[in-house]
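J.: Please see the structure below; I have some questions.
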Amino acid sequence: MKKVYLDYAATTPTDPEVKKFIQPYFDEIFGNTQSIHCVGQESAKIVEQARSYVAKNVNCQPEEIIFTSGGTESNNTAIKGIFFSLRKFLNIHIITSKIEHHAVLEPIKFLKENFKEVEVTYVDADEKGIVKVNKIFDSIKDNTVLISIMHANNEIGTIQPIKEITEKLEKVNEERKKNNKPKIYFHTDAVQTFGHIKIDVEELKVDLLSASGHKFYAPKGIGFLYIRKGTRVEPLLHGGGHEFNKRSSTLNVSGIAGLYKATEISEAVMEEENKKIKFLRDKLLEGIKKQIPDIVINGDLENRLVNNLNISIYGIESEALLVALDREGIFVSSGSACSSGSLEPSHVLLAIGMDPVLARGTIRFSLGRFTTEQEIEYVLKVFPKIVDRLRKISPLRK
């Protein structure tokens, strides 16, 4: 059976070059980076080489890069770290959006439910999935200390106006400083964008940025958090004081080496790869539009990740569609991989105003480095037939 993987937004396969590069870090250069002997110091060398390369890639200092286990830990460290570092001084107000990943929404929910000094404002997005910038600034209070807005949405692919937000926030913080009010830190979840579009933290003017290796062809279990110098973050993990006392734990040397190599590869191929993926995504989109009536394309087609195509189909439920596609060797998702088992419609689609019934008929195609034109043609041959068959037997049909 032919196998077509179109769920790259959920996770990517480890690039063969990455696998080859990291092999020595399992059986030759495997030491603890804290050890004084040469085996440990060889491991420490690749870690610092990786740190310097990633820092250069995002235009920051090496000591501003903290290696983590992935996007979830990075987001939790940014959000809870800011809270725990500031809670003894004042009550805490956090602003985020209704379309964030659960790795942002859940730690914020945890803080709100367990600490009475926490207040949260959830900002709306428009029908294209773009966060309403004016609502962010209308929500700012004297005790606001953190704004967390994702760089691009994992379900519908919309790229958020981060630079516009941070430029306005810079002016707000200048006034707050004059009035002895606390700085408002800005965090962005860049898990879907790092390794796919160029990121410059100085240009974006962010204080914290999260990334995850398995979203750009590095192994699972590795990521990083950029923490701008001077940003107060209490560590979640206490122990040996690793990572500049920001994240204690014996370092994942092989994972860090993999993230390093994956970053290097992504930087080299990014421009051409994005052109290829956009061509294939547009071919898939046009083919679906021509063959399948009564569909809705979700998200902004201009301010969008080139690999993302999210569609809602009238008269169908996504569970049945996913199973039918799986039987034909086509692997996609109905939304975020972290909540794909939920029977509830996507919180992102509900937040942009979609009818709950239609939201339940949503499919996300996400293309990647190893997607081929032949695979897209196979999907365009199989997918419309499945939709037509399921509509004929669906209780939701018109």
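Labels for the structure tokens follow display order: chains A, B, ..., residues from 1 in each chain, ligands from 1.
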Can you pull out every residue within 7 Å of range 39-49 of chain A, counting only C-alpha atoms, but drop anything in the same chain fewer than 5 positions away, and send it as an NGL selection string?

T.: :A and (29-34 or 253 or 256-257)

J.: Using only C-alpha atoms, which protein or nucleic acid residues come within 8 Å of Asn143 in chain A? Drop anything in the same chain fewer than 4 positions from it, and give the result as a short mmCIF file (atom, residue, chain, number, x, y, z; two decimals) with N, CA and C atoms, in the first residue's frame.

T.:
```
data_model
loop_
_atom_site.label_atom_id
_atom_site.label_comp_id
_atom_site.auth_asym_id
_atom_site.auth_seq_id
_atom_site.Cartn_x
_atom_site.Cartn_y
_atom_site.Cartn_z
N LEU A 90 4.14 41.39 43.28
CA LEU A 90 2.84 41.95 42.87
C LEU A 90 1.92 40.85 42.37
N ASN A 91 0.63 41.21 42.26
CA ASN A 91 -0.32 40.33 41.60
C ASN A 91 0.04 40.28 40.11
N ILE A 92 -0.34 39.21 39.46
CA ILE A 92 0.11 38.96 38.10
C ILE A 92 -1.07 38.95 37.13
N HIS A 93 -0.93 39.73 36.06
CA HIS A 93 -1.92 39.70 34.98
C HIS A 93 -1.22 39.25 33.70
N LYS A 181 6.24 51.35 36.78
CA LYS A 181 5.40 50.17 36.63
C LYS A 181 6.26 49.03 36.08
N PRO A 182 5.91 47.78 36.39
CA PRO A 182 6.73 46.65 35.93
C PRO A 182 6.72 46.51 34.41
#
```

J.: Using only C-alpha atoms, which protein or nucleic acid residues come within 12 Å of range 326-329 of chain A? Drop anything in the same chain fewer than 6 positions from it, and give the result as a PyMOL selection string.

T.: chain A and resi 1-7+318-320+375+378-379+381-383+385-386

J.: Could you please determine the separation between CA of Phe110 in chain A and CA of Gly70 in chain A in Å, to one decimal place?

T.: 19.3 Å

J.: Could you find all residues in range 158-290 of chain A that DSSP calls strand (DSSP E) from the backbone, and write them as a list in words?

T.: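 Of range 158-290 of chain A, the ones in strand (DSSP E) are Tyr185, Phe186, His187, Thr188, Asp189, Leu208, Leu209, Ser210, Ala211, Ser212, Gly223, Phe224, Leu225, Tyr226 and Ile227 of chain A.
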
J.: Can you tell me which residues surround range 363-373 of chain A at a distance of at most 9 Å, considering only C-alpha atoms, apart from same-chain residues fewer than 4 positions away, and format the answer as a VMD selection string?

T.: chain A and resid 4 to 10 12 155 to 156 217 273 to 274 276 to 278 280 to 281 283 306 to 313 318 321 to 322 331 to 336 377 to 378

J.: Going by DSSP on the backbone, which bits of range 134-302 of chain A are helix (DSSP H, G or I)? Write them as a ChimeraX atom specification, please.

T.: /A:134-138,162-178,201-204,213-215,242-245,253-291

J.: Counting only C-alpha atoms, which residue out of A:Ser346, A:Asn179, A:Thr231, A:Ser254 sits closest to Ile99 in chain A?

T.: A:Ser346

J.: Expressed in Å to a single decimal, how great is the separation between CA of Gly287 in chain A and CA of Gln160 in chain A?

T.: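 Going from CA of Gly287 in chain A over to CA of Gln160 in chain A, I get 27.4 Å.
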